[in-house]
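Chemist: One structure coming up, written as C-alpha cells, with questions to follow.
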Amino acid sequence: MNLFEQIAVAWQSLIRVFAAMRRGRLWAPFALLAASEALVVLALVWFAHPLLSWFMVPLLRQVSGETTLRYPNLFRVLPGLYAQADVFIGAVVGAIVVGAATVMFADFFHGTKPSASAGFGEAWRRSLALILANLPFNLLVFGLGHWSQDFLTSRSSGQLVQGIVYFLILGISVVLQSLFFYVSALVVLERRSVLSALAGLPETWARGFWAATFIGGLLITPLLPIHYISDRAGVIVDRGVPELTGWVVAVQGLIGLALWFLLTGSATLVYLSLVRREDT
Amino acid sequence: MRRAVAVGIALIGLLVLTGCGDQALWTRWRAERDLWHARRDVDRLQLNPRLATDRDYARVERRFAIIAERYPASRWGRAGQSPAAFDVGLVSGRAAIAAARIEELRGRLPAALESYARIERDYPGVFPVALEATVARARLLGRTGREREALEAWARVASGFPLVDAASGEAFLPVPDAALRVANARRAAGDPAGADSVLAVSERRIEKELMRQHGKRAAPDLWTRLSDTRAARGHWEESLDALRAALSDTASNRVAPWIVLGLARRSLEAGRPDSALAYTSWAERGFDEIVRPGAILLSARVWEARGTTDSALVAYQRFLDAYSDAPNASAEAMFRRGVLFEGQGRWEQARTEFRALAAVQPTDSLSLEGLTRIVRHHAERGERDVAAREGKRALETLDQMMAAQRDETVQANVRRTRADILVAMGDAAAAYDALVDLWRRYPATAIGIGSALRGADLAENQLNDRNRAIMLYREVVERARDAGARRRAMAALTRLGAERS
C-alpha cells in the first residue's frame, strides 16, 4: 500500500479505536498501568512519610540530590522524576500491558468478546519476550532523552536551540516508535520469539511504516501542552501552589494512559488490516 | 485461611516498616510546607500593602504562631539533635520570628519586643534563630529610642554567638557587624578607647576563627569582616592585608572579583587612590563581565577623589557607553557627570546631563535630585526669573509623574522633590504646605519625619509663624517613631518655650 492508503487506514483505525474507548472491558489491562503510575506519583509526592521514606529517601538522594528532600524542591523536579520512572514502568509493566491489550483488541476486532484473563494469560506467558522485544525501543528513547538533556545543559543553549532540539527529539522518537510499532503484535498474535519478532520488523515497515508514523505523530500532539506546563514546574512552584505539579503529573499520566490505549488499539487494528500476512 | 495469614503477616510487616522511616524528616517536610504556605500569604499581602487590613496581618501572624506552636521550641529548639530535627527547630523559630515581625509591623512594639526576647530564650540550641531574634530585638530597641538596651543587645550579639554556623558552615555576619555597631556607638558617645577595645576583641576572635576556617566556606566572609574591623580601628595596612589574605584563600576563588573590588574601595578609604586605581583596573580587566560595571564606576569615583575631574568624566562616560541600560548605576554616572560639570563651571553641559537623566530615568531619586539642582543653581545666583521658570517647568513634570505613577516610594520621592523645588524657588508658604502634606501622608517614614522637622524650621525661620512651628514639633514628639527626631523636636519646643501643651 502506498503512503496515502496507509494514512487512510491509520485514520480509520484511530476512529474505530476511539469509539472503542467506551468499552470498559478493553481498559482492564490499562488499569494495571494506571495503578503502577499512580503508585509512583503517590510515592514521589509522599516520599517523606515514614511509610515510604525508608526506601524513597535514599532513592531520591541518589537520583536527584539532597536538596530534593526539602519542601518545595521536590515539586520542581517532580515531572522529571516521574518521566524517568515512567520509562521503567513502560519498559516492564507497559510491555506486558500492551501485550495483554493487543490480544484483547484482536479479539474485539475479530468480533469475539475480549477476555481480560485470556489477554493477561497470554501476555504473562510471553512477558519476557514482550519486555525484551520492546527493550531496544525503550533504551533508544531513554538514551535519546538523556543525550538531549546533556547536550542542552553542557551548551547552556538558548530558547531557539532548545526548541529545535525538543522537536527534533520528538520527531526521532516518533520514527523509532514507528519502527517498533508492531513488535508486540508479532510476539503475542504471531507467538514469535524475541529474535524472530525483531527480525520480522523490516517486513512490517514495508507494509505499515507510514501508518505507524501517522498515528505516532498525531497522538504525540496532546502531550505537547502538558509537557510545556510540566517543563515549567519551577514557575508553578515559585508563583503558585507547589502541590499543583503533582496534579499536572497526574493529568499527564491520565492523558498518557488514553494515548497508550489508542496506540495499542490502532497498532493492533492496522497490523490486522495491513501488515499481517495471510500465510503467517 | 492461608491467604488470611499471609495478608496478616504482610500488614504486620507494613506496620513494622512504617516505624523504619525517619519521623524527623517527615516532621521537617510538614513544617517546611506550613512555613512556605504562610510566607505565600505574606507575599500576597505585600503585593499591595495598602489594601491589606490589620485583620489580614493578624490572620497571617496567627498562621506563623500556629506553626511555632505545632513544632514547639521545647521539643525542637534543643541542641544536639539530628540534622532533620535541627531543621524543624529552625522552621519553628523562623515562624515565631515572622509572627513577631508582623506584630512589629502592626505597631504592637512592646509585644514584638517580648516575642523576640522569648524566642531568644526558647531556641538556645538553634543559633540562627536565637541570633536573628536578638538582632531583631536590638534593632527594635534602637528604633524605639531605648538605646542603652539596644547597645546591650548588640553587645550580646557580638560576644554571645559563634562566628560560624556549624550546621551550614556559613559565617554569622551579624556577629562581627554587631561589634562594629557597638564600637561606632561608643565612639559617638565619646569613648574611643572603649570602641577600640570592642574592635580589638572582635578582631582577635575573627583571627582565631580563621585559623579553623582556612579553605572553608566561611573564610571569605570572615576575611572581609576582619578587614572591616581593622579599618574601623584605623589600621589600614592590616585591613588591606586581610583582603589580600582572602584572595589567597582557596575558598575565595568564586568571590575573588568582589574581593579585588573591595581592595579598591578600601584603598580609596585609606587615602591611596593610586592603589585603588590599580585594583579597579584589575577588577575591570582581570575577570569576566560580572564586576566590570562596578569597577568602572569606582575608578570614576577614585579620579574624583584625586581631583582629576576630566578623567572622572571620561570614566563615567565609558560606563554609560557600555552600561547605559543598568538603571541605578547609569543614573549615578549621569548625575555625577552633571555635578562635575557644574563644579567646573560648565553649567550648560551640567544642565544637559540633569535633563537627560530626568528624561531617561524620571523616577530615579538622583534624577529628581538633578531637577532640584537646576532650580537651586539659578536661585543661588540670584537669577530669580530663571529659577522660577525652571521651577515651574520641573513642578509640571513632577505633577505629571504623580498622576502617572502608582508606586508608593516613587510618589513619596516625587512629593519630597516638589517640596525641595518650592523651597529652592523661595516660595516658603507653598513649600510649608508640601512638607506638611508629606508628614501627614508618611508619618511612619524617614521622609515624613524629616519633612515635619523641615516644615517646622521653615515656619519658624522663613514664615515667622511660631504657632505652626510649635504645632509640627509637638506632632513629631507625639507621633514620630524615630527617637532622634523626637529629641530634636523636644529641644526645639524647649527653645521656643513651648515644651508643655
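Within each chain, counting starts at residue 1; across the C-alpha cells, chains are named A, B, ... in the order shown, with ligands numbered 1 upward in that order.
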Produce a table with one row for each residue of chain A that has an atom at most 9 Å from any atom of chain B, each row naming the nearest atom pair and its distance in Å at one decimal; use only C-alpha atoms; arrange rows by chain and rising residue number; format as a Markdown table.

Modeler:
```
| residue | atom | partner | partner_atom | distance |
| --- | --- | --- | --- | --- |
| A:Phe47 | CA | B:Trp26 | CA | 8.7 |
| A:Ala48 | CA | B:Trp26 | CA | 5.0 |
| A:His49 | CA | B:Trp26 | CA | 5.4 |
| A:Pro50 | CA | B:Gly21 | CA | 3.7 |
| A:Leu51 | CA | B:Thr18 | CA | 4.1 |
| A:Leu52 | CA | B:Gly21 | CA | 6.7 |
| A:Ser53 | CA | B:Gly21 | CA | 5.1 |
| A:Trp54 | CA | B:Gly21 | CA | 4.6 |
| A:Phe55 | CA | B:Gly21 | CA | 8.2 |
| A:Leu69 | CA | B:Trp29 | CA | 7.9 |
| A:Arg70 | CA | B:Trp29 | CA | 6.5 |
| A:Tyr71 | CA | B:Glu32 | CA | 5.8 |
| A:Pro72 | CA | B:Arg33 | CA | 7.1 |
| A:Arg239 | CA | B:Arg40 | CA | 8.9 |
| A:Gly240 | CA | B:Arg40 | CA | 8.8 |
| A:Val241 | CA | B:His37 | CA | 8.3 |
```

Chemist: Quick one: write out the picked residues with N, CA and C atoms as a PDB file, in the first residue's frame?

Modeler:
```pdb
ATOM      1  N   PHE A  47       6.930  11.013  49.581  1.00  0.00           N
ATOM      2  CA  PHE A  47       8.190  10.298  49.870  1.00  0.00           C
ATOM      3  C   PHE A  47       8.633  10.453  51.324  1.00  0.00           C
ATOM      4  N   ALA A  48       8.282  11.586  51.936  1.00  0.00           N
ATOM      5  CA  ALA A  48       8.798  11.871  53.289  1.00  0.00           C
ATOM      6  C   ALA A  48       8.048  11.115  54.371  1.00  0.00           C
ATOM      7  N   HIS A  49       6.888  10.542  54.030  1.00  0.00           N
ATOM      8  CA  HIS A  49       6.117   9.818  55.046  1.00  0.00           C
ATOM      9  C   HIS A  49       6.915   8.591  55.506  1.00  0.00           C
ATOM     10  N   PRO A  50       6.900   8.336  56.833  1.00  0.00           N
ATOM     11  CA  PRO A  50       7.689   7.210  57.350  1.00  0.00           C
ATOM     12  C   PRO A  50       7.393   5.874  56.674  1.00  0.00           C
ATOM     13  N   LEU A  51       6.179   5.741  56.138  1.00  0.00           N
ATOM     14  CA  LEU A  51       5.826   4.502  55.447  1.00  0.00           C
ATOM     15  C   LEU A  51       6.675   4.310  54.185  1.00  0.00           C
ATOM     16  N   LEU A  52       7.094   5.421  53.587  1.00  0.00           N
ATOM     17  CA  LEU A  52       7.822   5.365  52.312  1.00  0.00           C
ATOM     18  C   LEU A  52       9.278   5.822  52.415  1.00  0.00           C
ATOM     19  N   SER A  53       9.540   6.673  53.417  1.00  0.00           N
ATOM     20  CA  SER A  53      10.840   7.363  53.415  1.00  0.00           C
ATOM     21  C   SER A  53      12.019   6.402  53.533  1.00  0.00           C
ATOM     22  N   TRP A  54      11.815   5.238  54.167  1.00  0.00           N
ATOM     23  CA  TRP A  54      12.951   4.314  54.356  1.00  0.00           C
ATOM     24  C   TRP A  54      13.544   3.841  53.037  1.00  0.00           C
ATOM     25  N   PHE A  55      12.715   3.807  51.964  1.00  0.00           N
ATOM     26  CA  PHE A  55      13.312   3.462  50.665  1.00  0.00           C
ATOM     27  C   PHE A  55      13.290   4.617  49.676  1.00  0.00           C
ATOM     28  N   LEU A  69      14.997  16.714  48.960  1.00  0.00           N
ATOM     29  CA  LEU A  69      14.270  16.265  50.147  1.00  0.00           C
ATOM     30  C   LEU A  69      13.654  17.432  50.916  1.00  0.00           C
ATOM     31  N   ARG A  70      13.917  18.656  50.485  1.00  0.00           N
ATOM     32  CA  ARG A  70      13.387  19.833  51.190  1.00  0.00           C
ATOM     33  C   ARG A  70      12.177  20.384  50.436  1.00  0.00           C
ATOM     34  N   TYR A  71      11.165  20.796  51.221  1.00  0.00           N
ATOM     35  CA  TYR A  71       9.977  21.397  50.619  1.00  0.00           C
ATOM     36  C   TYR A  71      10.313  22.796  50.098  1.00  0.00           C
ATOM     37  N   PRO A  72       9.883  23.237  48.942  1.00  0.00           N
ATOM     38  CA  PRO A  72       9.077  22.520  47.950  1.00  0.00           C
ATOM     39  C   PRO A  72       9.915  21.993  46.778  1.00  0.00           C
ATOM     40  N   ARG A 239       5.416  30.607  41.833  1.00  0.00           N
ATOM     41  CA  ARG A 239       4.334  31.596  41.754  1.00  0.00           C
ATOM     42  C   ARG A 239       2.980  31.033  42.142  1.00  0.00           C
ATOM     43  N   GLY A 240       2.902  29.764  42.355  1.00  0.00           N
ATOM     44  CA  GLY A 240       1.592  29.188  42.640  1.00  0.00           C
ATOM     45  C   GLY A 240       1.629  28.264  43.827  1.00  0.00           C
ATOM     46  N   VAL A 241       1.033  27.109  43.658  1.00  0.00           N
ATOM     47  CA  VAL A 241       0.983  26.121  44.737  1.00  0.00           C
ATOM     48  C   VAL A 241       1.845  24.927  44.305  1.00  0.00           C
TER      49      VAL A 241
END
```

Chemist: Within 12 Å of Arg292 in chain B, counting only C-alpha atoms, which residues show up once you throw out same-chain ones fewer than 5 positions away? Write them as number ranges by chain, please.

Modeler: B: 257-258, 260-261, 279-287, 297-299, 318-319, 322-323

Chemist: Could you give me, as a PyMOL selection string, the residues within 7 Å of Ala155 in chain B, counting only C-alpha atoms and dropping anything in the same chain fewer than 4 positions from it?

Modeler: chain B and resi 151+159+178-179+182

Chemist: Taking 5 positions as the minimum chain separation for residues in the same chain, which residues sit within 12 Å of Gln149 in chain A when counting only C-alpha atoms? Answer as an MDAnalysis selection string.

Modeler: chainID A and resid 80 142:144 154:157 162 165:166 169

Chemist: Please identify all polymer residues within 9 Å of range 108-112 of chain A, counting only C-alpha atoms, omitting same-chain residues fewer than 2 positions from it, and present them as a list in words.

Modeler: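 Final neighbour list, sorted by chain and number: Leu26, Val103, Met104, Phe105, Ala106, Pro114, Thr268, Leu269 and Leu272 of chain A.
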
Chemist: Given the selection you just returned, output its residues as a file containing C-alpha atoms, formatted as a PDB file, in the first residue's frame.

Modeler:
```pdb
ATOM      1  CA  LEU A  26     -10.785  -3.066  26.973  1.00  0.00           C
ATOM      2  CA  VAL A 103      -4.731  -9.865  22.458  1.00  0.00           C
ATOM      3  CA  MET A 104      -7.951  -8.278  23.713  1.00  0.00           C
ATOM      4  CA  PHE A 105      -8.097  -5.733  20.852  1.00  0.00           C
ATOM      5  CA  ALA A 106      -7.520  -8.542  18.321  1.00  0.00           C
ATOM      6  CA  PRO A 114     -12.404  -9.790  24.672  1.00  0.00           C
ATOM      7  CA  THR A 268      -3.419  -3.936  16.544  1.00  0.00           C
ATOM      8  CA  LEU A 269      -6.040  -2.902  14.012  1.00  0.00           C
ATOM      9  CA  LEU A 272      -4.540  -6.966  11.371  1.00  0.00           C
TER      10      LEU A 272
END
```

Chemist: Interatomic distance between CA of Arg94 in chain B and CA of Leu113 in chain B?

Modeler: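 Value for the CA of Arg94 in chain B-CA of Leu113 in chain B distance: 15.5 Å.
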
Chemist: Please provide the set of residues having any atom within 8 Å of Arg143 in chain B, restricted to only C-alpha atoms, with same-chain residues fewer than 5 positions apart removed, written as number ranges by chain.

Modeler: B: 481-483
